[in-house]
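Asks: Before anything else, here's the structure in question.
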Amino acid sequence: MATCYDYTFARLLAKSPIDGILVGDSAAMVMHGHETTLTATVEMMRMHVAAVARGAGDKLVVADLPFLSYRKGLPAAMEAAHVLMAAGAHAVKLEGVGGHEDVIAQLVGSGVPVMGHLGLQPQSVQAYGGFKPQGRDAVAALAIARQAEALEELGAFAVVLECIPAALAAQITATIAIPTIGIGAGADCDGQILVLQDLLGLNSSFRPRFARQFCDGETAILKALAEYDLAVKSSEFPRAEESYS
Ligand code: KIV
């Protein structure tokens with residue numbers, strides 16, 4: 001999987017062999033320049049989901065329920081999910097399990113496929129004191145493993161495992177029947193997910209160890225912009241065939 005937040009990239013992903021798209025609340029950081037995902041709102045996510053859905057073809061589109069939108073009571077959580085599903089999502093993703101088991105059960109029982117998200121839960125960044133790998137001691141690892149089992153029991157169809165030791169992700173993957181989708185969780189997850197702008201190398205100042213760059217998009221784009229600028233300033237662009245008579 002890869003994240004996506006807009007129509008143009010959704011169209012490209014639709015032509016790719018990648019299986020699924022996550023309209024992540026990382027949109028708040030990647031598209032809006034915020035420091036964390038905590039500023040994402042249901043309305044922000046609705047706009048991104050609708051744009052992605054228009055371009056995504058037959059790809060699976062999963063939408064993140066944003067910070068606290070599923071912690072304000074069952075009706076509010078159902079309304080948030082309703083907005084994102086009506087905007088074109090096929091499923092929603094939410095972080096953690098404890099305290100919103102009722103939301104997960106109600107969504108699943110209502111026909112809304114739910115993807116879980118365990119390990120580093122970016123919406124808990126203030127509780128962690130930063131974006132830090134999770135599950136690195138036995139107690140924390142066991143807690144994450146238990147949460148994965150609880151998600152499966154509640155009917156989640158898949159779970160993202162973010163920034164946990166590879167061995168823990170492997171053990172969870174072997175234990176639960178639903179697919180695990182890793183990001184910074186090693187090679188033994190059933191699938192992987194990366195932020196699209198990270199894998200395309202569009203932000204050279206953000207290089208977490210798990211985010212391999214599969215192309216140097218920043219260099220390619222800066223080169224194109226410099227060539228365009230030079231062509232204009234040297235009066236080489238536009239040519240006659242690029243103008244109307
Ligand atoms: O919001 C997001 O982009 C995510 C992925 C990092 C899994 O949750």
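In the structure tokens, the first chain shown is A, the next is B, and so on; residue numbers restart at 1 for each chain, and ligands run from 1 in the order shown.
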I'd like a table as JSON lines: residues in chain A with an atom no more than 10 Å from ligand 1, each row giving the shortest atom pair and its distance in Å to one decimal, only C-alpha atoms and all ligand atoms counted, sorted by chain and rising residue number.
Replies:
```
{"residue": "A:Met1", "atom": "CA", "partner": "ligand 1", "partner_atom_place_in_ligand_line": "7 (C)", "distance": 9.0}
{"residue": "A:Ala2", "atom": "CA", "partner": "ligand 1", "partner_atom_place_in_ligand_line": "5 (C)", "distance": 8.2}
{"residue": "A:Thr3", "atom": "CA", "partner": "ligand 1", "partner_atom_place_in_ligand_line": "3 (O)", "distance": 5.7}
{"residue": "A:Cys4", "atom": "CA", "partner": "ligand 1", "partner_atom_place_in_ligand_line": "3 (O)", "distance": 8.3}
{"residue": "A:Tyr5", "atom": "CA", "partner": "ligand 1", "partner_atom_place_in_ligand_line": "3 (O)", "distance": 9.5}
{"residue": "A:Ile21", "atom": "CA", "partner": "ligand 1", "partner_atom_place_in_ligand_line": "3 (O)", "distance": 10.0}
{"residue": "A:Leu22", "atom": "CA", "partner": "ligand 1", "partner_atom_place_in_ligand_line": "3 (O)", "distance": 6.9}
{"residue": "A:Val23", "atom": "CA", "partner": "ligand 1", "partner_atom_place_in_ligand_line": "3 (O)", "distance": 7.0}
{"residue": "A:Gly24", "atom": "CA", "partner": "ligand 1", "partner_atom_place_in_ligand_line": "1 (O)", "distance": 3.3}
{"residue": "A:Asp25", "atom": "CA", "partner": "ligand 1", "partner_atom_place_in_ligand_line": "1 (O)", "distance": 4.2}
{"residue": "A:Ser26", "atom": "CA", "partner": "ligand 1", "partner_atom_place_in_ligand_line": "1 (O)", "distance": 3.9}
{"residue": "A:Ala27", "atom": "CA", "partner": "ligand 1", "partner_atom_place_in_ligand_line": "1 (O)", "distance": 6.8}
{"residue": "A:Ala28", "atom": "CA", "partner": "ligand 1", "partner_atom_place_in_ligand_line": "1 (O)", "distance": 8.6}
{"residue": "A:Met29", "atom": "CA", "partner": "ligand 1", "partner_atom_place_in_ligand_line": "1 (O)", "distance": 9.0}
{"residue": "A:Val30", "atom": "CA", "partner": "ligand 1", "partner_atom_place_in_ligand_line": "3 (O)", "distance": 8.8}
{"residue": "A:Thr37", "atom": "CA", "partner": "ligand 1", "partner_atom_place_in_ligand_line": "1 (O)", "distance": 7.5}
{"residue": "A:Ala40", "atom": "CA", "partner": "ligand 1", "partner_atom_place_in_ligand_line": "1 (O)", "distance": 9.9}
{"residue": "A:Ala63", "atom": "CA", "partner": "ligand 1", "partner_atom_place_in_ligand_line": "1 (O)", "distance": 8.8}
{"residue": "A:Asp64", "atom": "CA", "partner": "ligand 1", "partner_atom_place_in_ligand_line": "1 (O)", "distance": 6.6}
{"residue": "A:Leu65", "atom": "CA", "partner": "ligand 1", "partner_atom_place_in_ligand_line": "1 (O)", "distance": 9.4}
{"residue": "A:Pro66", "atom": "CA", "partner": "ligand 1", "partner_atom_place_in_ligand_line": "1 (O)", "distance": 9.0}
{"residue": "A:Lys93", "atom": "CA", "partner": "ligand 1", "partner_atom_place_in_ligand_line": "8 (O)", "distance": 8.0}
{"residue": "A:Leu94", "atom": "CA", "partner": "ligand 1", "partner_atom_place_in_ligand_line": "8 (O)", "distance": 8.5}
{"residue": "A:Glu95", "atom": "CA", "partner": "ligand 1", "partner_atom_place_in_ligand_line": "8 (O)", "distance": 8.3}
{"residue": "A:Gly116", "atom": "CA", "partner": "ligand 1", "partner_atom_place_in_ligand_line": "8 (O)", "distance": 9.7}
{"residue": "A:His117", "atom": "CA", "partner": "ligand 1", "partner_atom_place_in_ligand_line": "8 (O)", "distance": 7.2}
{"residue": "A:Leu118", "atom": "CA", "partner": "ligand 1", "partner_atom_place_in_ligand_line": "7 (C)", "distance": 9.6}
{"residue": "A:Leu120", "atom": "CA", "partner": "ligand 1", "partner_atom_place_in_ligand_line": "6 (C)", "distance": 9.3}
{"residue": "A:Gln121", "atom": "CA", "partner": "ligand 1", "partner_atom_place_in_ligand_line": "8 (O)", "distance": 7.9}
{"residue": "A:Pro122", "atom": "CA", "partner": "ligand 1", "partner_atom_place_in_ligand_line": "8 (O)", "distance": 7.4}
{"residue": "A:Gln123", "atom": "CA", "partner": "ligand 1", "partner_atom_place_in_ligand_line": "8 (O)", "distance": 9.2}
{"residue": "A:Val159", "atom": "CA", "partner": "ligand 1", "partner_atom_place_in_ligand_line": "7 (C)", "distance": 9.6}
{"residue": "A:Val160", "atom": "CA", "partner": "ligand 1", "partner_atom_place_in_ligand_line": "7 (C)", "distance": 6.2}
{"residue": "A:Leu161", "atom": "CA", "partner": "ligand 1", "partner_atom_place_in_ligand_line": "7 (C)", "distance": 7.9}
{"residue": "A:Glu162", "atom": "CA", "partner": "ligand 1", "partner_atom_place_in_ligand_line": "7 (C)", "distance": 6.8}
{"residue": "A:Cys163", "atom": "CA", "partner": "ligand 1", "partner_atom_place_in_ligand_line": "6 (C)", "distance": 9.6}
{"residue": "A:Ile181", "atom": "CA", "partner": "ligand 1", "partner_atom_place_in_ligand_line": "7 (C)", "distance": 8.3}
{"residue": "A:Gly182", "atom": "CA", "partner": "ligand 1", "partner_atom_place_in_ligand_line": "7 (C)", "distance": 7.9}
{"residue": "A:Ile183", "atom": "CA", "partner": "ligand 1", "partner_atom_place_in_ligand_line": "7 (C)", "distance": 6.5}
{"residue": "A:Gly184", "atom": "CA", "partner": "ligand 1", "partner_atom_place_in_ligand_line": "6 (C)", "distance": 9.3}
{"residue": "A:Gln192", "atom": "CA", "partner": "ligand 1", "partner_atom_place_in_ligand_line": "7 (C)", "distance": 9.0}
{"residue": "A:Ile193", "atom": "CA", "partner": "ligand 1", "partner_atom_place_in_ligand_line": "7 (C)", "distance": 6.2}
{"residue": "A:Leu194", "atom": "CA", "partner": "ligand 1", "partner_atom_place_in_ligand_line": "6 (C)", "distance": 6.4}
{"residue": "A:Val195", "atom": "CA", "partner": "ligand 1", "partner_atom_place_in_ligand_line": "3 (O)", "distance": 5.7}
{"residue": "A:Leu196", "atom": "CA", "partner": "ligand 1", "partner_atom_place_in_ligand_line": "3 (O)", "distance": 8.7}
```
Asks: When DSSP works through the backbone of this structure, what residues of segment 22-53 of chain A end up as helix (DSSP H, G or I), shown as number ranges by chain?
Replies: A: 27-30, 42-53
Asks: Could you save those same residues with N, CA and C atoms as a short mmCIF file (atom, residue, chain, number, x, y, z; two decimals), in the first residue's frame?
Replies:
```
data_model
loop_
_atom_site.label_atom_id
_atom_site.label_comp_id
_atom_site.auth_asym_id
_atom_site.auth_seq_id
_atom_site.Cartn_x
_atom_site.Cartn_y
_atom_site.Cartn_z
N ALA A 27 -1.84 13.37 5.99
CA ALA A 27 -2.15 14.51 5.12
C ALA A 27 -1.90 15.83 5.84
N ALA A 28 -2.19 15.85 7.15
CA ALA A 28 -2.00 17.10 7.91
C ALA A 28 -0.54 17.54 7.85
N MET A 29 0.38 16.55 7.86
CA MET A 29 1.81 16.87 7.83
C MET A 29 2.30 17.05 6.38
N VAL A 30 1.99 16.05 5.55
CA VAL A 30 2.55 16.00 4.20
C VAL A 30 1.96 17.08 3.29
N VAL A 42 -12.18 15.83 10.42
CA VAL A 42 -13.03 15.01 9.55
C VAL A 42 -13.22 15.74 8.21
N GLU A 43 -13.41 17.06 8.25
CA GLU A 43 -13.63 17.80 7.01
C GLU A 43 -12.37 17.77 6.13
N MET A 44 -11.19 17.91 6.74
CA MET A 44 -9.94 17.81 5.96
C MET A 44 -9.84 16.43 5.30
N MET A 45 -10.14 15.39 6.08
CA MET A 45 -10.03 14.03 5.55
C MET A 45 -11.08 13.78 4.48
N ARG A 46 -12.29 14.34 4.68
CA ARG A 46 -13.35 14.15 3.68
C ARG A 46 -12.91 14.70 2.32
N MET A 47 -12.29 15.88 2.35
CA MET A 47 -11.86 16.50 1.09
C MET A 47 -10.78 15.64 0.40
N HIS A 48 -9.83 15.16 1.17
CA HIS A 48 -8.77 14.33 0.56
C HIS A 48 -9.33 12.99 0.07
N VAL A 49 -10.21 12.38 0.87
CA VAL A 49 -10.78 11.08 0.46
C VAL A 49 -11.56 11.24 -0.84
N ALA A 50 -12.36 12.30 -0.94
CA ALA A 50 -13.18 12.49 -2.15
C ALA A 50 -12.28 12.67 -3.37
N ALA A 51 -11.20 13.44 -3.22
CA ALA A 51 -10.29 13.67 -4.35
C ALA A 51 -9.61 12.36 -4.76
N VAL A 52 -9.14 11.60 -3.77
CA VAL A 52 -8.47 10.33 -4.07
C VAL A 52 -9.45 9.35 -4.72
N ALA A 53 -10.65 9.26 -4.16
CA ALA A 53 -11.63 8.30 -4.69
C ALA A 53 -11.95 8.58 -6.15
#
```
Asks: Tell me, as a PyMOL selection string, which residues lie within 12 Å of Gln106 of chain A, counting only C-alpha atoms; anything in the same chain fewer than 4 positions away does not count.
Replies: chain A and resi 70+73-75+77-79+81+100-102+110-114+154-156
Asks: What would the file look like if the residues just selected were written as a CSV table (one decimal), in the first residue's frame with all heavy atoms?
Replies:
```
chain,number,residue,atom,x,y,z
A,70,TYR,N,-13.0,9.5,16.9
A,70,TYR,CA,-13.7,8.2,17.4
A,70,TYR,C,-13.6,8.1,18.9
A,70,TYR,O,-13.8,7.0,19.4
A,70,TYR,CB,-13.1,7.0,16.6
A,70,TYR,CG,-11.6,7.0,16.6
A,70,TYR,CD1,-10.9,6.2,17.4
A,70,TYR,CD2,-10.9,7.7,15.6
A,70,TYR,CE1,-9.5,6.1,17.4
A,70,TYR,CE2,-9.5,7.7,15.6
A,70,TYR,CZ,-8.8,6.9,16.5
A,70,TYR,OH,-7.5,6.8,16.4
A,73,GLY,N,-17.6,9.5,21.8
A,73,GLY,CA,-18.8,8.8,21.9
A,73,GLY,C,-19.2,8.2,20.6
A,73,GLY,O,-18.7,8.5,19.5
A,74,LEU,N,-20.0,7.1,20.7
A,74,LEU,CA,-20.4,6.3,19.5
A,74,LEU,C,-21.1,7.1,18.4
A,74,LEU,O,-20.6,6.9,17.2
A,74,LEU,CB,-21.3,5.1,20.0
A,74,LEU,CG,-21.4,3.9,19.1
A,74,LEU,CD1,-20.1,3.4,18.6
A,74,LEU,CD2,-22.2,2.8,19.9
A,75,PRO,N,-22.1,7.9,18.7
A,75,PRO,CA,-22.7,8.6,17.6
A,75,PRO,C,-21.7,9.5,16.8
A,75,PRO,O,-21.7,9.5,15.5
A,75,PRO,CB,-23.8,9.5,18.3
A,75,PRO,CG,-24.1,8.8,19.5
A,75,PRO,CD,-22.7,8.2,20.0
A,77,ALA,N,-18.5,9.1,16.5
A,77,ALA,CA,-17.6,8.2,15.8
A,77,ALA,C,-18.2,7.6,14.5
A,77,ALA,O,-17.6,7.6,13.4
A,77,ALA,CB,-17.1,7.0,16.7
A,78,MET,N,-19.5,7.2,14.7
A,78,MET,CA,-20.2,6.7,13.5
A,78,MET,C,-20.4,7.8,12.5
A,78,MET,O,-20.3,7.5,11.2
A,78,MET,CB,-21.6,6.1,14.0
A,78,MET,CG,-21.5,4.9,14.9
A,78,MET,SD,-20.5,3.5,14.2
A,78,MET,CE,-21.7,3.0,12.9
A,79,GLU,N,-20.7,9.0,12.9
A,79,GLU,CA,-20.9,10.1,12.0
A,79,GLU,C,-19.6,10.4,11.2
A,79,GLU,O,-19.6,10.6,10.0
A,79,GLU,CB,-21.3,11.4,12.7
A,79,GLU,CG,-21.5,12.6,11.9
A,79,GLU,CD,-22.5,12.5,10.7
A,79,GLU,OE1,-23.4,11.6,10.8
A,79,GLU,OE2,-22.4,13.2,9.7
A,81,ALA,N,-17.1,8.3,10.5
A,81,ALA,CA,-17.0,7.2,9.6
A,81,ALA,C,-17.9,7.3,8.4
A,81,ALA,O,-17.5,7.1,7.2
A,81,ALA,CB,-17.1,5.8,10.3
A,100,HIS,N,-12.1,2.2,22.7
A,100,HIS,CA,-13.1,2.3,21.6
A,100,HIS,C,-13.4,1.0,20.9
A,100,HIS,O,-13.6,0.9,19.8
A,100,HIS,CB,-12.6,3.4,20.6
A,100,HIS,CG,-11.2,3.3,20.1
A,100,HIS,ND1,-10.1,3.9,20.7
A,100,HIS,CD2,-10.6,2.5,19.1
A,100,HIS,CE1,-9.0,3.6,20.1
A,100,HIS,NE2,-9.3,2.8,19.1
A,101,GLU,N,-13.4,0.0,21.8
A,101,GLU,CA,-13.8,-1.3,21.3
A,101,GLU,C,-15.3,-1.3,20.7
A,101,GLU,O,-15.6,-1.9,19.7
A,101,GLU,CB,-13.8,-2.4,22.4
A,101,GLU,CG,-12.4,-2.7,22.9
A,101,GLU,CD,-12.0,-1.9,24.1
A,101,GLU,OE1,-12.5,-0.8,24.3
A,101,GLU,OE2,-11.0,-2.3,24.8
A,102,ASP,N,-16.1,-0.5,21.4
A,102,ASP,CA,-17.5,-0.4,21.0
A,102,ASP,C,-17.6,0.3,19.6
A,102,ASP,O,-18.4,-0.2,18.8
A,102,ASP,CB,-18.3,0.5,22.0
A,102,ASP,CG,-17.7,1.9,22.2
A,102,ASP,OD1,-16.5,2.1,22.0
A,102,ASP,OD2,-18.5,2.8,22.6
A,110,SER,N,-21.9,-2.7,11.3
A,110,SER,CA,-22.7,-1.8,10.3
A,110,SER,C,-22.2,-1.9,8.9
A,110,SER,O,-22.6,-1.2,8.0
A,110,SER,CB,-22.6,-0.4,10.8
A,110,SER,OG,-22.9,-0.2,12.1
A,111,GLY,N,-21.2,-2.8,8.7
A,111,GLY,CA,-20.8,-3.0,7.3
A,111,GLY,C,-19.6,-2.1,6.9
A,111,GLY,O,-19.3,-2.0,5.7
A,112,VAL,N,-19.0,-1.5,7.9
A,112,VAL,CA,-17.8,-0.7,7.6
A,112,VAL,C,-16.5,-1.5,7.9
A,112,VAL,O,-16.2,-1.7,9.1
A,112,VAL,CB,-17.8,0.6,8.4
A,112,VAL,CG1,-16.6,1.5,8.1
A,112,VAL,CG2,-19.1,1.4,8.2
A,113,PRO,N,-15.7,-1.8,6.9
A,113,PRO,CA,-14.5,-2.5,7.2
A,113,PRO,C,-13.5,-1.6,7.9
A,113,PRO,O,-13.4,-0.5,7.6
A,113,PRO,CB,-14.0,-2.9,5.8
A,113,PRO,CG,-15.2,-2.8,4.9
A,113,PRO,CD,-16.0,-1.7,5.4
A,114,VAL,N,-13.0,-2.2,9.0
A,114,VAL,CA,-12.1,-1.4,9.9
A,114,VAL,C,-10.7,-2.0,9.8
A,114,VAL,O,-10.4,-3.2,10.0
A,114,VAL,CB,-12.6,-1.5,11.3
A,114,VAL,CG1,-11.6,-0.8,12.3
A,114,VAL,CG2,-13.9,-0.8,11.4
A,154,LEU,N,-12.4,-8.3,17.3
A,154,LEU,CA,-13.5,-7.3,17.1
A,154,LEU,C,-13.9,-7.3,15.6
A,154,LEU,O,-14.9,-6.6,15.3
A,154,LEU,CB,-13.0,-6.0,17.6
A,154,LEU,CG,-12.9,-5.8,19.1
A,154,LEU,CD1,-12.1,-4.6,19.4
A,154,LEU,CD2,-14.3,-5.6,19.6
A,155,GLY,N,-13.2,-7.9,14.8
A,155,GLY,CA,-13.6,-8.0,13.4
A,155,GLY,C,-12.8,-7.1,12.4
A,155,GLY,O,-13.2,-7.0,11.2
A,156,ALA,N,-11.7,-6.5,12.9
A,156,ALA,CA,-10.9,-5.7,11.9
A,156,ALA,C,-10.4,-6.6,10.8
A,156,ALA,O,-10.2,-7.8,11.0
A,156,ALA,CB,-9.7,-5.1,12.7
```
Asks: Which of these, A:Gly201, A:Ala76, A:His32, A:Pro179, has the shortest distance to Ala158 of chain A once you count only C-alpha atoms?
Replies: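 Closest to Ala158 of chain A of all the choices is A:Pro179.
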Asks: Using the chain letters and numbers from this document, which residues of segment 85-190 of chain A does DSSP assign to strand (DSSP E or B), as JSON, numbers by chain?
Replies: {"A": [91, 92, 93, 94, 95, 114, 115, 116, 117, 118, 119, 158, 159, 160, 161, 162, 180, 181, 182, 183]}
Asks: Taking only C-alpha atoms into account, name the residue in A:Gln197, A:Val62, A:Pro133, A:Leu107 that is nearest to Gly88 of chain A.
Replies: A:Val62
Asks: Using only C-alpha atoms, which of A:Met85, A:Leu151, A:Ala10, A:Ile144 sits nearest Ile104 of chain A?
Replies: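 When distances to Ile104 of chain A are compared using only C-alpha atoms, the smallest one comes from A:Leu151.
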Asks: List the neighbours of segment 222-228 of chain A out to 10 Å using only C-alpha atoms; skip same-chain residues closer than 5 positions along the sequence, and give me the result as a PyMOL selection string.
Replies: chain A and resi 217+233-234+236-238
Asks: Using only C-alpha atoms, which protein or nucleic acid residues come within 8 Å of Arg207 of chain A? Drop anything in the same chain fewer than 4 positions from it, and give the result as a list in words.
Replies: Asp198, Asn203 and Ala211 of chain A
Asks: Output all heavy atoms of each residue in that selection to a file, as a PDB file, in the first residue's frame.
Replies:
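result.pdb written:
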```pdb
ATOM      1  N   ASP A 198       7.330  10.077   0.628  1.00  0.00           N
ATOM      2  CA  ASP A 198       8.600   9.530   1.121  1.00  0.00           C
ATOM      3  C   ASP A 198       9.190   8.569   0.095  1.00  0.00           C
ATOM      4  O   ASP A 198      10.374   8.630  -0.226  1.00  0.00           O
ATOM      5  CB  ASP A 198       8.405   8.790   2.450  1.00  0.00           C
ATOM      6  CG  ASP A 198       8.013   9.717   3.591  1.00  0.00           C
ATOM      7  OD1 ASP A 198       8.145  10.945   3.436  1.00  0.00           O
ATOM      8  OD2 ASP A 198       7.568   9.194   4.635  1.00  0.00           O
ATOM      9  N   ASN A 203      10.821  14.687  -0.257  1.00  0.00           N
ATOM     10  CA  ASN A 203      11.190  15.522   0.892  1.00  0.00           C
ATOM     11  C   ASN A 203      12.534  15.054   1.429  1.00  0.00           C
ATOM     12  O   ASN A 203      12.605  14.182   2.288  1.00  0.00           O
ATOM     13  CB  ASN A 203      10.107  15.426   1.973  1.00  0.00           C
ATOM     14  CG  ASN A 203      10.400  16.333   3.148  1.00  0.00           C
ATOM     15  OD1 ASN A 203      11.438  17.024   3.175  1.00  0.00           O
ATOM     16  ND2 ASN A 203       9.515  16.351   4.126  1.00  0.00           N
ATOM     17  N   ALA A 211      11.937   4.513   5.585  1.00  0.00           N
ATOM     18  CA  ALA A 211      11.302   5.092   4.399  1.00  0.00           C
ATOM     19  C   ALA A 211      12.284   5.114   3.226  1.00  0.00           C
ATOM     20  O   ALA A 211      12.880   6.147   2.919  1.00  0.00           O
ATOM     21  CB  ALA A 211      10.784   6.496   4.711  1.00  0.00           C
TER      22      ALA A 211
END
```
Asks: Mind giving me the straight-line distance from atom CA of Gln126 of chain A to atom CA of Val97 of chain A in Å, one decimal?
Replies: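 For atom CA of Gln126 of chain A relative to atom CA of Val97 of chain A, the distance reads 17.8 Å.
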Asks: For Leu13 of chain A, please output as JSON, numbers by chain all residues within 9 Å (counting only C-alpha atoms; exclusion window: fewer than 2 positions along the same chain).
Replies: {"A": [2, 4, 8, 9, 10, 11, 15, 16, 17, 18, 19, 20, 21, 55, 56, 57, 59]}
Asks: If you keep N, CA, C and O atoms, can you produce a file of those selected residues as a PDB file, in the first residue's frame?
Replies:
```
ATOM      1  N   ALA A   2       0.274   2.345  -0.413  1.00  0.00           N
ATOM      2  CA  ALA A   2       0.923   3.648  -0.291  1.00  0.00           C
ATOM      3  C   ALA A   2      -0.148   4.641   0.131  1.00  0.00           C
ATOM      4  O   ALA A   2      -1.332   4.435  -0.130  1.00  0.00           O
ATOM      5  N   CYS A   4      -1.995   8.338  -0.143  1.00  0.00           N
ATOM      6  CA  CYS A   4      -2.294   9.280  -1.224  1.00  0.00           C
ATOM      7  C   CYS A   4      -3.319  10.266  -0.689  1.00  0.00           C
ATOM      8  O   CYS A   4      -4.154   9.903   0.150  1.00  0.00           O
ATOM      9  N   THR A   8      -4.495  13.688  -8.539  1.00  0.00           N
ATOM     10  CA  THR A   8      -3.428  13.458  -9.525  1.00  0.00           C
ATOM     11  C   THR A   8      -2.623  12.205  -9.187  1.00  0.00           C
ATOM     12  O   THR A   8      -2.400  11.339 -10.046  1.00  0.00           O
ATOM     13  N   PHE A   9      -2.185  12.115  -7.947  1.00  0.00           N
ATOM     14  CA  PHE A   9      -1.406  10.931  -7.555  1.00  0.00           C
ATOM     15  C   PHE A   9      -2.294   9.683  -7.490  1.00  0.00           C
ATOM     16  O   PHE A   9      -1.819   8.573  -7.762  1.00  0.00           O
ATOM     17  N   ALA A  10      -3.575   9.856  -7.150  1.00  0.00           N
ATOM     18  CA  ALA A  10      -4.470   8.694  -7.126  1.00  0.00           C
ATOM     19  C   ALA A  10      -4.563   8.074  -8.517  1.00  0.00           C
ATOM     20  O   ALA A  10      -4.582   6.846  -8.674  1.00  0.00           O
ATOM     21  N   ARG A  11      -4.611   8.921  -9.538  1.00  0.00           N
ATOM     22  CA  ARG A  11      -4.662   8.402 -10.913  1.00  0.00           C
ATOM     23  C   ARG A  11      -3.403   7.608 -11.242  1.00  0.00           C
ATOM     24  O   ARG A  11      -3.450   6.579 -11.927  1.00  0.00           O
ATOM     25  N   LYS A  15      -2.879   3.327 -11.895  1.00  0.00           N
ATOM     26  CA  LYS A  15      -2.192   2.660 -13.011  1.00  0.00           C
ATOM     27  C   LYS A  15      -1.063   1.753 -12.535  1.00  0.00           C
ATOM     28  O   LYS A  15      -0.422   1.082 -13.340  1.00  0.00           O
ATOM     29  N   SER A  16      -0.758   1.790 -11.241  1.00  0.00           N
ATOM     30  CA  SER A  16       0.359   1.015 -10.689  1.00  0.00           C
ATOM     31  C   SER A  16      -0.140  -0.349 -10.209  1.00  0.00           C
ATOM     32  O   SER A  16      -1.348  -0.548 -10.072  1.00  0.00           O
ATOM     33  N   PRO A  17       0.784  -1.256  -9.910  1.00  0.00           N
ATOM     34  CA  PRO A  17       0.344  -2.549  -9.366  1.00  0.00           C
ATOM     35  C   PRO A  17       0.078  -2.524  -7.868  1.00  0.00           C
ATOM     36  O   PRO A  17      -0.303  -3.544  -7.301  1.00  0.00           O
ATOM     37  N   ILE A  18       0.272  -1.374  -7.230  1.00  0.00           N
ATOM     38  CA  ILE A  18       0.066  -1.293  -5.774  1.00  0.00           C
ATOM     39  C   ILE A  18      -1.387  -1.621  -5.445  1.00  0.00           C
ATOM     40  O   ILE A  18      -2.307  -1.153  -6.106  1.00  0.00           O
ATOM     41  N   ASP A  19      -1.582  -2.438  -4.391  1.00  0.00           N
ATOM     42  CA  ASP A  19      -2.912  -2.998  -4.122  1.00  0.00           C
ATOM     43  C   ASP A  19      -3.881  -2.023  -3.485  1.00  0.00           C
ATOM     44  O   ASP A  19      -5.081  -2.085  -3.745  1.00  0.00           O
ATOM     45  N   GLY A  20      -3.387  -1.166  -2.613  1.00  0.00           N
ATOM     46  CA  GLY A  20      -4.327  -0.340  -1.857  1.00  0.00           C
ATOM     47  C   GLY A  20      -3.762   1.023  -1.536  1.00  0.00           C
ATOM     48  O   GLY A  20      -2.543   1.231  -1.521  1.00  0.00           O
ATOM     49  N   ILE A  21      -4.690   1.945  -1.285  1.00  0.00           N
ATOM     50  CA  ILE A  21      -4.344   3.342  -0.999  1.00  0.00           C
ATOM     51  C   ILE A  21      -4.859   3.686   0.388  1.00  0.00           C
ATOM     52  O   ILE A  21      -6.007   3.370   0.716  1.00  0.00           O
ATOM     53  N   GLY A  55      -9.920   9.469  -8.377  1.00  0.00           N
ATOM     54  CA  GLY A  55      -8.839   9.034  -9.258  1.00  0.00           C
ATOM     55  C   GLY A  55      -8.383   7.607  -9.059  1.00  0.00           C
ATOM     56  O   GLY A  55      -7.569   7.103  -9.841  1.00  0.00           O
ATOM     57  N   ALA A  56      -8.891   6.939  -8.018  1.00  0.00           N
ATOM     58  CA  ALA A  56      -8.285   5.675  -7.580  1.00  0.00           C
ATOM     59  C   ALA A  56      -8.712   4.447  -8.369  1.00  0.00           C
ATOM     60  O   ALA A  56      -8.213   3.344  -8.105  1.00  0.00           O
ATOM     61  N   GLY A  57      -9.631   4.619  -9.326  1.00  0.00           N
ATOM     62  CA  GLY A  57     -10.052   3.452 -10.112  1.00  0.00           C
ATOM     63  C   GLY A  57     -10.603   2.362  -9.213  1.00  0.00           C
ATOM     64  O   GLY A  57     -11.410   2.628  -8.329  1.00  0.00           O
ATOM     65  N   LYS A  59      -8.854   0.607  -7.040  1.00  0.00           N
ATOM     66  CA  LYS A  59      -8.008   0.336  -5.866  1.00  0.00           C
ATOM     67  C   LYS A  59      -8.813   0.439  -4.577  1.00  0.00           C
ATOM     68  O   LYS A  59      -9.743   1.248  -4.480  1.00  0.00           O
TER      69      LYS A  59
END
```
Asks: Got a sec: who's within 10 Å of Cys215 of chain A, counting only C-alpha atoms, leaving out chain neighbours fewer than 4 positions off, as JSON, numbers by chain?
Replies: {"A": [198, 199, 200, 201, 202, 219, 220]}
